[in-house]
Amino acid sequence: MLAVATHSGTFHADDVFAYAVLRAATRGELTLTRSRDETVLAGADLLFDVGGVCDPERRRYDHHMRDKPLRADGIPFSSLGLIWQDFGRAALETLCPGISPVEADAVWRMLDQGLIRDIDISDNGAAPSGPAHVALLLESWNPFYTEPARGETEAYLEAVEMAERILRRSCAQAHAAVQATDMVAEAARTAADPRILTLDIKVPWEDAVFDLALTAVLYIVRPAGAAWSVNAMPPQRGSFAQRKPLPDAWAGLRDAGMAAVTGVADATFCHPARFVCGAKSRAGALALARLAVEAP
C-alpha cells in the first residue's frame, strides 16, 4: 500500500488529476493524506504538489520552487505533468484495458502533449484559461462559502472521480486514434490508386494521413451510417481547404440531379463547398472518387 500525500485547502486541476493518475497506476492500492503539516507530510511515501522539492528518485513531485522543473520546450511542469512522467504508463494499464505496450507508448505521448501539458500550462499561468477550460471546471468542485457542511476532502475526491472519467475518455480517444493510424497505413498499402484511400470502418483518418505522410491522397472513401461518403483531403492539418476539391459541376446537387450529372445511380449529394459527397453504396462512393480524381 503506497502512502501518498498532497496539500489540504483549495485544490486545483493538477493535484486532482495527479491523484487520479496515481490511483490508476496503483490500482487503488494507496492511501491519501491531505495536510499542510510538514511532520505529517514527511511520513508519506510519495508527495505531490507540496513539499518544495522535485526529486523523482525520492518520490517528491512539487513544482512550486523558484527553479521550476521544465519540459523540453520550456513549459513548466505542474504536479500532474511530473506524476505523468513516472506513473502515466502504469496508469494506462488501468485507464485503457487491453492496450499493447507499443500502443501505450503512443497514447502516453499523445496525452502528454495534449491534456497533461494543457493542465501544466493552465496551472502555471503560462496561458489564459477560459471559463470552459477543464481546469476551471474541476476547480469548481471546491466547496463554496454557501456549503458549510460540504467536506473539503469529500469535494476533492468528487473532483478526482470526474478527472478519472476524463482521463479514461481521453485515453480511449487516443487509443482509437493510434489504432486508426494502423488501419489507414494498411489501406494505403493495399490501395489500387494511391490518390484514393478506402476505409471499411468509420475511423478518424485526417491526422493519420498527415502522420504517415501520405501526400498522394486526394479522397477518402468510408462508411457514413448506412451510406458511404467521399471526403476531399485538406492540404494541411486542420485546414478547411482541399488538396483537390470535388468537381465544380457537382456542387450542391442532390439525389436524381447528382446521379444524372455523375452517372452514378446511387449518388446522393455533393456539399456546395465541394469537400464531401456521398452514395448509398461502397461501389457508388468509389465510382465518385474515381471520377473526381480524373476530373480537370
# chains A, B, ... in the order shown; residues from 1 in each chain; ligands from 1
$ select_by_dssp --residues "stretch 170-274 of chain A" --states "helix (DSSP H, G or I)" --output "PyMOL selection string"
chain A and resi 170-190+206-211+248-250+255-262
$ write_last_selection --atoms "C-alpha atoms" --output "compact mmCIF listing (two decimals), in the first residue's frame"
# COMPACT_ATOMS: atom_id res chain seq x y z
CA SER A 170 -9.06 10.83 -23.32
CA CYS A 171 -7.11 7.56 -23.25
CA ALA A 172 -9.84 5.77 -25.19
CA GLN A 173 -9.87 8.54 -27.80
CA ALA A 174 -6.09 8.47 -28.16
CA HIS A 175 -6.08 4.67 -28.33
CA ALA A 176 -8.66 4.78 -31.11
CA ALA A 177 -6.51 7.30 -32.98
CA VAL A 178 -3.46 5.04 -32.67
CA GLN A 179 -5.41 2.04 -33.96
CA ALA A 180 -6.83 4.17 -36.77
CA THR A 181 -3.31 5.03 -37.90
CA ASP A 182 -2.59 1.33 -38.36
CA MET A 183 -5.81 0.91 -40.37
CA VAL A 184 -5.00 3.92 -42.55
CA ALA A 185 -1.48 2.60 -43.16
CA GLU A 186 -2.85 -0.78 -44.27
CA ALA A 187 -5.46 0.87 -46.50
CA ALA A 188 -2.74 2.94 -48.14
CA ARG A 189 -0.55 -0.12 -48.63
CA THR A 190 -3.31 -2.05 -50.41
CA GLU A 206 -7.11 13.04 -41.15
CA ASP A 207 -4.31 13.06 -38.55
CA ALA A 208 -3.26 9.58 -39.62
CA VAL A 209 -2.85 10.65 -43.25
CA PHE A 210 -0.60 13.53 -42.19
CA ASP A 211 1.30 11.45 -39.62
CA ASP A 248 -17.47 22.22 -59.52
CA ALA A 249 -20.35 20.77 -61.58
CA TRP A 250 -21.35 18.62 -58.58
CA ASP A 255 -30.19 12.61 -55.45
CA ALA A 256 -31.52 12.48 -59.03
CA GLY A 257 -29.60 15.59 -60.05
CA MET A 258 -26.35 14.22 -58.64
CA ALA A 259 -26.95 10.83 -60.25
CA ALA A 260 -27.69 12.42 -63.63
CA VAL A 261 -24.53 14.55 -63.69
CA THR A 262 -22.15 11.85 -62.40
$ residues_around --residues "stretch 218-223 of chain A" --least-positions-apart "5" --cutoff "12 Å" --atoms "only C-alpha atoms" --output "PyMOL selection string"
chain A and resi 184+187-188+191+193-206+208-209+228-235+241-246+274-294
$ write_last_selection --atoms "C-alpha atoms" --output "mmCIF file, in the first residue's frame"
data_model
loop_
_atom_site.group_PDB
_atom_site.id
_atom_site.type_symbol
_atom_site.label_atom_id
_atom_site.label_comp_id
_atom_site.auth_asym_id
_atom_site.auth_seq_id
_atom_site.Cartn_x
_atom_site.Cartn_y
_atom_site.Cartn_z
ATOM 1 C CA VAL A 184 -5.002 3.920 -42.551
ATOM 2 C CA ALA A 187 -5.459 0.872 -46.504
ATOM 3 C CA ALA A 188 -2.739 2.944 -48.143
ATOM 4 C CA ALA A 191 -4.849 0.873 -52.366
ATOM 5 C CA ASP A 193 -4.833 4.055 -56.596
ATOM 6 C CA PRO A 194 -2.712 5.978 -54.051
ATOM 7 C CA ARG A 195 -4.942 9.006 -54.588
ATOM 8 C CA ILE A 196 -7.981 7.180 -53.145
ATOM 9 C CA LEU A 197 -7.913 5.807 -49.604
ATOM 10 C CA THR A 198 -10.727 3.364 -48.844
ATOM 11 C CA LEU A 199 -11.618 2.593 -45.222
ATOM 12 C CA ASP A 200 -14.213 -0.054 -44.406
ATOM 13 C CA ILE A 201 -14.726 1.273 -40.857
ATOM 14 C CA LYS A 202 -15.530 4.855 -39.897
ATOM 15 C CA VAL A 203 -12.257 5.774 -38.181
ATOM 16 C CA PRO A 204 -10.546 9.162 -37.656
ATOM 17 C CA TRP A 205 -8.359 9.457 -40.739
ATOM 18 C CA GLU A 206 -7.108 13.035 -41.145
ATOM 19 C CA ALA A 208 -3.261 9.575 -39.622
ATOM 20 C CA VAL A 209 -2.847 10.650 -43.250
ATOM 21 C CA TRP A 228 -20.865 5.962 -47.866
ATOM 22 C CA SER A 229 -19.034 9.260 -48.199
ATOM 23 C CA VAL A 230 -16.131 10.654 -50.202
ATOM 24 C CA ASN A 231 -14.134 13.272 -48.276
ATOM 25 C CA ALA A 232 -11.651 15.560 -50.002
ATOM 26 C CA MET A 233 -8.279 15.629 -48.219
ATOM 27 C CA PRO A 234 -7.224 19.020 -46.804
ATOM 28 C CA PRO A 235 -3.778 20.356 -47.738
ATOM 29 C CA ALA A 241 -9.449 23.756 -47.968
ATOM 30 C CA GLN A 242 -8.889 20.662 -50.117
ATOM 31 C CA ARG A 243 -5.909 19.256 -52.000
ATOM 32 C CA LYS A 244 -8.332 18.830 -54.887
ATOM 33 C CA PRO A 245 -11.960 19.930 -54.390
ATOM 34 C CA LEU A 246 -14.717 17.754 -55.789
ATOM 35 C CA ARG A 274 -17.148 20.527 -52.528
ATOM 36 C CA PHE A 275 -15.354 18.848 -49.628
ATOM 37 C CA VAL A 276 -17.681 15.844 -49.309
ATOM 38 C CA CYS A 277 -20.126 13.866 -51.413
ATOM 39 C CA GLY A 278 -21.891 10.577 -50.945
ATOM 40 C CA ALA A 279 -23.555 7.499 -52.347
ATOM 41 C CA LYS A 280 -25.723 4.733 -50.953
ATOM 42 C CA SER A 281 -23.112 2.034 -51.577
ATOM 43 C CA ARG A 282 -19.363 1.476 -51.303
ATOM 44 C CA ALA A 283 -19.193 0.867 -55.038
ATOM 45 C CA GLY A 284 -21.044 4.112 -55.734
ATOM 46 C CA ALA A 285 -18.718 6.111 -53.477
ATOM 47 C CA LEU A 286 -15.659 4.578 -55.120
ATOM 48 C CA ALA A 287 -17.065 5.469 -58.541
ATOM 49 C CA LEU A 288 -17.493 9.089 -57.430
ATOM 50 C CA ALA A 289 -13.935 9.188 -56.079
ATOM 51 C CA ARG A 290 -12.533 7.844 -59.353
ATOM 52 C CA LEU A 291 -14.492 10.453 -61.313
ATOM 53 C CA ALA A 292 -13.220 13.205 -59.026
ATOM 54 C CA VAL A 293 -9.622 12.063 -59.411
ATOM 55 C CA GLU A 294 -9.858 12.219 -63.210
#
$ atom_distance --atom1 "atom CA of A:Ile99" --atom2 "atom CA of A:Trp84"
17.2 Å
$ residues_around --residues "A:Met1" --least-positions-apart "2" --cutoff "12 Å" --atoms "only C-alpha atoms" --output "PyMOL selection string"
chain A and resi 3-4+22-23+26-32+44-46
$ write_last_selection --atoms "N, CA and C atoms" --output "mmCIF file, in the first residue's frame"
data_model
loop_
_atom_site.group_PDB
_atom_site.id
_atom_site.type_symbol
_atom_site.label_atom_id
_atom_site.label_comp_id
_atom_site.auth_asym_id
_atom_site.auth_seq_id
_atom_site.Cartn_x
_atom_site.Cartn_y
_atom_site.Cartn_z
ATOM 1 N N ALA A 3 1.563 5.091 0.516
ATOM 2 C CA ALA A 3 1.028 6.242 1.248
ATOM 3 C C ALA A 3 1.401 7.514 0.499
ATOM 4 N N VAL A 4 0.400 8.197 -0.076
ATOM 5 C CA VAL A 4 0.662 9.424 -0.826
ATOM 6 C C VAL A 4 0.031 10.595 -0.087
ATOM 7 N N LEU A 22 -2.272 8.483 -10.066
ATOM 8 C CA LEU A 22 -1.661 7.601 -9.066
ATOM 9 C C LEU A 22 -2.614 6.469 -8.685
ATOM 10 N N ARG A 23 -3.870 6.796 -8.544
ATOM 11 C CA ARG A 23 -4.852 5.771 -8.169
ATOM 12 C C ARG A 23 -4.965 4.713 -9.258
ATOM 13 N N THR A 26 -1.642 2.522 -9.353
ATOM 14 C CA THR A 26 -1.501 1.568 -8.241
ATOM 15 C C THR A 26 -2.718 0.665 -8.113
ATOM 16 N N ARG A 27 -3.660 0.805 -9.043
ATOM 17 C CA ARG A 27 -4.921 0.043 -8.999
ATOM 18 C C ARG A 27 -5.622 0.216 -7.648
ATOM 19 N N GLY A 28 -5.536 1.432 -7.130
ATOM 20 C CA GLY A 28 -6.216 1.765 -5.890
ATOM 21 C C GLY A 28 -5.507 1.321 -4.635
ATOM 22 N N GLU A 29 -4.301 0.745 -4.787
ATOM 23 C CA GLU A 29 -3.543 0.281 -3.618
ATOM 24 C C GLU A 29 -2.738 1.443 -3.033
ATOM 25 N N LEU A 30 -3.428 2.427 -2.493
ATOM 26 C CA LEU A 30 -2.769 3.599 -1.926
ATOM 27 C C LEU A 30 -3.659 4.257 -0.881
ATOM 28 N N THR A 31 -3.072 5.039 -0.030
ATOM 29 C CA THR A 31 -3.814 5.842 0.933
ATOM 30 C C THR A 31 -3.480 7.298 0.686
ATOM 31 N N LEU A 32 -4.427 8.176 0.966
ATOM 32 C CA LEU A 32 -4.248 9.599 0.703
ATOM 33 C C LEU A 32 -4.318 10.397 1.997
ATOM 34 N N ALA A 44 4.993 10.465 4.386
ATOM 35 C CA ALA A 44 4.393 9.863 3.189
ATOM 36 C C ALA A 44 5.450 9.206 2.315
ATOM 37 N N ASP A 45 5.068 8.143 1.634
ATOM 38 C CA ASP A 45 5.959 7.507 0.656
ATOM 39 C C ASP A 45 6.156 8.404 -0.559
ATOM 40 N N LEU A 46 5.105 9.158 -0.895
ATOM 41 C CA LEU A 46 5.135 9.984 -2.102
ATOM 42 C C LEU A 46 4.402 11.286 -1.823
#
$ closest_residue --among "A:Gly225, A:Gly252, A:Pro131, A:Pro56" --to "A:Ser79" --atoms "only C-alpha atoms"
A:Pro56
$ closest_residue --among "A:Val107, A:Ala18, A:Cys270, A:Leu214" --to "A:Ala251" --atoms "only C-alpha atoms"
A:Cys270
$ residues_around --residues "stretch 163-166 of chain A" --least-positions-apart "3" --cutoff "10 Å" --atoms "only C-alpha atoms" --output "PyMOL selection string"
chain A and resi 13-14+16-21+23-24+95+115+134-135+138+157-160+169-172
$ select_by_dssp --residues "stretch 28-226 of chain A" --states "strand (DSSP E)" --output "list of chain:residue names"
A:Leu30, A:Thr31, A:Leu32, A:Thr33, A:Arg34, A:Leu46, A:Leu47, A:Phe48, A:Cys54, A:Asp55, A:Arg60, A:Tyr61, A:Ile196, A:Leu197, A:Thr198, A:Tyr219, A:Ile220, A:Val221, A:Arg222, A:Pro223, A:Ala224
$ closest_residue --among "A:Ala25, A:Ala155, A:Ala126, A:Ala295" --to "A:Ser140" --atoms "only C-alpha atoms"
A:Ala155
$ closest_residue --among "A:Arg60, A:His12, A:Arg66, A:Asp73" --to "A:Trp141" --atoms "only C-alpha atoms"
A:His12
$ closest_residue --among "A:Leu167, A:Val50, A:Met162, A:Leu137" --to "A:Leu92" --atoms "only C-alpha atoms"
A:Leu167
$ atom_distance --atom1 "atom CA of A:Leu80" --atom2 "atom CA of A:Gly114"
12.5 Å
